[in-house]
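Visitor: Here it is, the structure, as structure tokens.
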Amino acid sequence: MAEEIKETKAMLNASVAPENFDWDAFEGGEVYGGANREEIRAAYDKTLSKIVANEVVEGEVTSINKREVVVTIGGKSEGVIPAPEFRYNPELAVGDKVEVYVESAEDKKGQLVLSHKKARALKSWDRVNEAFNNDEIVKGFVKTRTKGGMIVDVFGIEAFLPGSQIDIKPIRDYDSYVNQTIDFKIVKINQEFRNVVVSHKALLEAEQEAKRAELIGKLEKGQILEGEVKNITNYGVFVDLGGVDGLIHITDLSWGRINHPEDVVSIEQKIKVVVLDFNEQQKRIALGLKQLTPHPWDNLDPDLKVGDKVKGKVILLADYGAFIEIEPGVEGLVHVSEMSWSPRLHNAQEFLKVGDEVEAQILSIDRDARKMSLGIKQLTSNPWENIRSKYPVGSTHKAVVRNITNFGVFAELEDGVEGLVHISDLSWNKIKHPSEVVAIGDSIDVQILDFDEANHKLSLGHKQLLPNPWDEIEAKYPVGSTVEGTIASVTDKGANITLEGDAEGFAFTREIVKEDGKTAVAGETLPFKVVELRRSTRRILLSHLRTYQEIKEKAAAVESDNTKKAVKKINSNLEKTTLGDIDALAALKEKLERGE
């Protein structure tokens, strides 16, 4: 083509000099320069490519401005295409080859209508599939934001970019990507509905993986690196080491205890870290921050010893004790048994809370194992040292009820000194539960009954300081006396009987048989004889039977005694009677023996 254009120019140059050119003759169609005008036109037409409408051809960019792009396809004139059709390709430059769709061929006025957008649309689906099959990286123009992601122009097709596939890190501002041209990878195509899904994250991950492999290949344990805090979680901090992430576990952030990693670092902070470990297969890198500073135990006062007093802050509470930080990174444990002399303390939360400033005594220290045990109660005098002299057996004191159980009451005499009032020593009356007599917080009088110094235990009594109602019962209801009582209830074994003054007695079943032979029932009021008083069990045994049975037995005994006396008198008089009186006396004796 270039050679034909050159020959035509030579033909024209050879015909006539420019200054002698006859424009009137040329416009009238006359022969020019010895050559026929048609021959010249034919020679010129050879320089032009054949243009066919409704076809996609390749053109060359000849000029670019903000509004339009001029493209030549070898015709008499160039086509003008709106610049927005090339916004997906901001790197477009003069001389670039582009595909265009010929909407209309050149007419006599030399006008040519081209469209780059239509050319892309005709071949876009083939290109998308080709890029997907070849795992190519494509450029896409982010057109707009939509629900769940973005709409991207790829080869003239609208593809979907999910929000999760925009970047490796979470995206806060989606709008910042609109009107941007970005590299993508086609990750999914639905041939039936012609849906395309693209990902920018996949490219970043591939790039990051390459960097990770390169970095891990150069890593060494103990190596110090600089990175930027990328993400903070409850369990640690992710640090960007230059495209590759490493994790600082919360335990490797500080020698001291911390509640959350945010207490130590912040997002986008530049920090130096040491490589603790790495796994080439799993691509994991473990980092440390505290390891860049000396361990606080190494700087602990070497003169600190057992028995010394230290001050610190409660940083952690457990049921079994409290951890006291005496210096950042140096902790000691106060076991719950070392917090107070009181045997009632079973939970550390009852005595301390996190943040408390306390003073304690060192009970043991192991610098090699970096462990220390502390005690708080040791800073106060032991109330059990002179317990017998202060609380001798038999002495009476005031105590406060601190706890109530099924078997008794724990009463505190002073801080650290408390004893048990057994349920049997709480009241002279029979009770089912100590709460019937006292409540927590009540102040009661107690008597010291016994000691267990080794185990710091006291046996206390409360009823011993109260009048014993049994003394009054013994005086009021002596054995053998007859009292009136009402049968409250009847059981298989006998009856419970209420006496005067709310005293209670018991009669076995055989003892509540009435004179008419019937057994008494609940609600009946009858006379009862006191049979026995059992002081050990505080029980009064009664009998209704004996109230009438003894009377009968006594009358029978009197009658029998009178009979014996009469017989004896008769026998003594027989010796003095005459034979004539014998028959009369015999008849009398017989009558007396029959009881007539």
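Identifiers in this document derive from the order of the structure tokens: chains are assigned A, B, ..., residues are numbered from 1 separately in each chain, and ligands are numbered from 1 in order of occurrence.
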Write down as JSON, numbers by chain the residues belonging to stretch 28-210 of chain A that are assigned strand (DSSP E) by DSSP computed on the backbone.
Guide: {"A": [56, 57, 58, 59, 60, 61, 62, 63, 64, 68, 69, 70, 71, 72, 79, 80, 81, 82, 97, 98, 99, 100, 101, 102, 103, 104, 113, 114, 115, 137, 138, 139, 140, 141, 142, 143, 144, 145, 146, 149, 150, 151, 152, 153, 154, 157, 158, 159, 160, 161, 162, 181, 182, 183, 184, 185, 186, 187, 188, 189, 190, 195, 196, 197, 198, 199]}
Visitor: List as a count of residues only the protein and nucleic acid residues near A:Val80, meaning an atom at most 8 Å away when only C-alpha atoms are counted, but skip any in the same chain fewer than 4 places from it.
Guide: 7
Visitor: Can you work out the spacing between atom CA of A:Gln269 and atom CA of A:Ile232 in Å, to one decimal?
Guide: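 Separating atom CA of A:Gln269 from atom CA of A:Ile232 is a distance of 11.2 Å.
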Visitor: Find the residue from A:Ile285, A:Val198, A:Val229, A:Ile271 that sits nearest to A:Gly246; use only C-alpha atoms when measuring.
Guide: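 Among A:Ile285, A:Val198, A:Val229, A:Ile271, it is A:Ile285 that comes nearest to A:Gly246.
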Visitor: Which distance in Å separates atom CA of A:Leu253 and atom CA of A:Gly332, to one decimal?
Guide: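 For atom CA of A:Leu253 relative to atom CA of A:Gly332, the distance reads 20.1 Å.
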Visitor: Report, in Å with one decimal, the straight-line distance from atom CA of A:Lys529 to atom CA of A:Ile431.
Guide: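 Going from atom CA of A:Lys529 over to atom CA of A:Ile431 covers 27.1 Å.
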Visitor: When you look at A:Phe132 with a cut-off of 9 Å (counting only C-alpha atoms), what residues show up, excluding the ones that are within fewer than 3 positions of it in the same chain? I need them as a list in words.
Guide: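 These residues fall inside the cut-off: Arg127, Val128, Asn129, Asp135, Glu136, Ile137, Lys185, Ile186, Val187, Lys188 and Ile189 of chain A.
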Visitor: Which residues are close to A:Ser342, i.e. within 10 Å by only C-alpha atoms, leaving aside same-chain residues fewer than 2 positions away? Reply as a list in words.
Guide: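 Once the nearby chain positions are removed, what remains is Ser337, Glu338, Met339, Ser340, Arg344, Leu345, His346, Lys377, Asn382, Pro383, Glu412, Glu414, Asp415, Gly416, Val417, Glu418 and His456 of chain A.
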Visitor: Now that the selection is made, can you save its residues with N, CA and C atoms as a CSV table (one decimal), in the first residue's frame?
Guide:
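This went into part09.csv:
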chain,number,residue,atom,x,y,z
A,337,SER,N,-6.1,-19.4,101.2
A,337,SER,CA,-5.8,-19.8,102.6
A,337,SER,C,-4.9,-18.8,103.3
A,338,GLU,N,-4.2,-18.0,102.5
A,338,GLU,CA,-3.2,-17.0,103.0
A,338,GLU,C,-3.7,-15.6,103.0
A,339,MET,N,-5.0,-15.4,102.8
A,339,MET,CA,-5.6,-14.1,102.7
A,339,MET,C,-6.1,-13.6,104.1
A,340,SER,N,-6.6,-14.6,104.9
A,340,SER,CA,-7.2,-14.2,106.1
A,340,SER,C,-7.1,-15.4,107.1
A,344,ARG,N,-13.6,-19.2,107.4
A,344,ARG,CA,-14.8,-19.0,106.7
A,344,ARG,C,-14.5,-18.6,105.2
A,345,LEU,N,-13.3,-18.1,104.9
A,345,LEU,CA,-13.0,-17.6,103.6
A,345,LEU,C,-12.6,-18.8,102.7
A,346,HIS,N,-13.5,-19.0,101.7
A,346,HIS,CA,-13.2,-20.1,100.7
A,346,HIS,C,-13.1,-19.6,99.3
A,377,LYS,N,-2.4,-12.5,105.3
A,377,LYS,CA,-2.8,-12.6,106.7
A,377,LYS,C,-1.6,-12.5,107.6
A,382,ASN,N,-1.9,-13.5,114.6
A,382,ASN,CA,-2.7,-14.7,114.5
A,382,ASN,C,-3.6,-14.7,115.8
A,383,PRO,N,-4.9,-14.6,115.6
A,383,PRO,CA,-5.8,-14.6,116.8
A,383,PRO,C,-5.8,-15.9,117.6
A,412,GLU,N,-19.1,-16.0,114.7
A,412,GLU,CA,-17.8,-15.4,114.7
A,412,GLU,C,-17.6,-14.6,116.0
A,414,GLU,N,-14.5,-13.0,116.8
A,414,GLU,CA,-13.8,-11.8,116.3
A,414,GLU,C,-13.2,-12.2,114.9
A,415,ASP,N,-12.6,-11.2,114.2
A,415,ASP,CA,-12.1,-11.5,112.9
A,415,ASP,C,-11.0,-12.7,112.9
A,416,GLY,N,-11.4,-13.7,112.2
A,416,GLY,CA,-10.5,-14.9,112.2
A,416,GLY,C,-10.8,-15.9,113.3
A,417,VAL,N,-11.7,-15.7,114.2
A,417,VAL,CA,-12.0,-16.6,115.2
A,417,VAL,C,-13.5,-16.9,115.2
A,418,GLU,N,-13.9,-18.1,114.8
A,418,GLU,CA,-15.3,-18.5,114.8
A,418,GLU,C,-15.4,-19.9,115.3
A,456,HIS,N,-7.9,-24.9,114.3
A,456,HIS,CA,-8.5,-23.6,114.5
A,456,HIS,C,-10.1,-23.8,114.6
Visitor: Give me the residues within 9 Å of A:Asp298 as a list in words, counting only C-alpha atoms and dropping any in the same chain fewer than 4 places off.
Guide: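 That gives Pro294, Pro302 and Arg367 of chain A.
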Visitor: Any chance you could tabulate, as a tab-separated table, the residues of stretch 45-99 of chain A at most 12 Å from stretch 140-150 of chain A with each one's nearest atom pair and distance in Å to one decimal, using only C-alpha atoms, in chain and rising number order?
Guide:
residue	atom	partner	partner_atom	distance
A:Pro84	CA	A:Phe141	CA	11.2
A:Glu85	CA	A:Phe141	CA	11.0
A:Phe86	CA	A:Phe141	CA	9.8
A:Arg87	CA	A:Phe141	CA	7.3
A:Tyr88	CA	A:Phe141	CA	4.7
A:Asn89	CA	A:Phe141	CA	7.9
A:Pro90	CA	A:Phe141	CA	9.5
Visitor: To test your reading of the structure, identify every residue in stretch 353-465 of chain A that backbone DSSP assigns to alpha helix (DSSP H), and report it as a ChimeraX atom specification.
Guide: /A:387-390
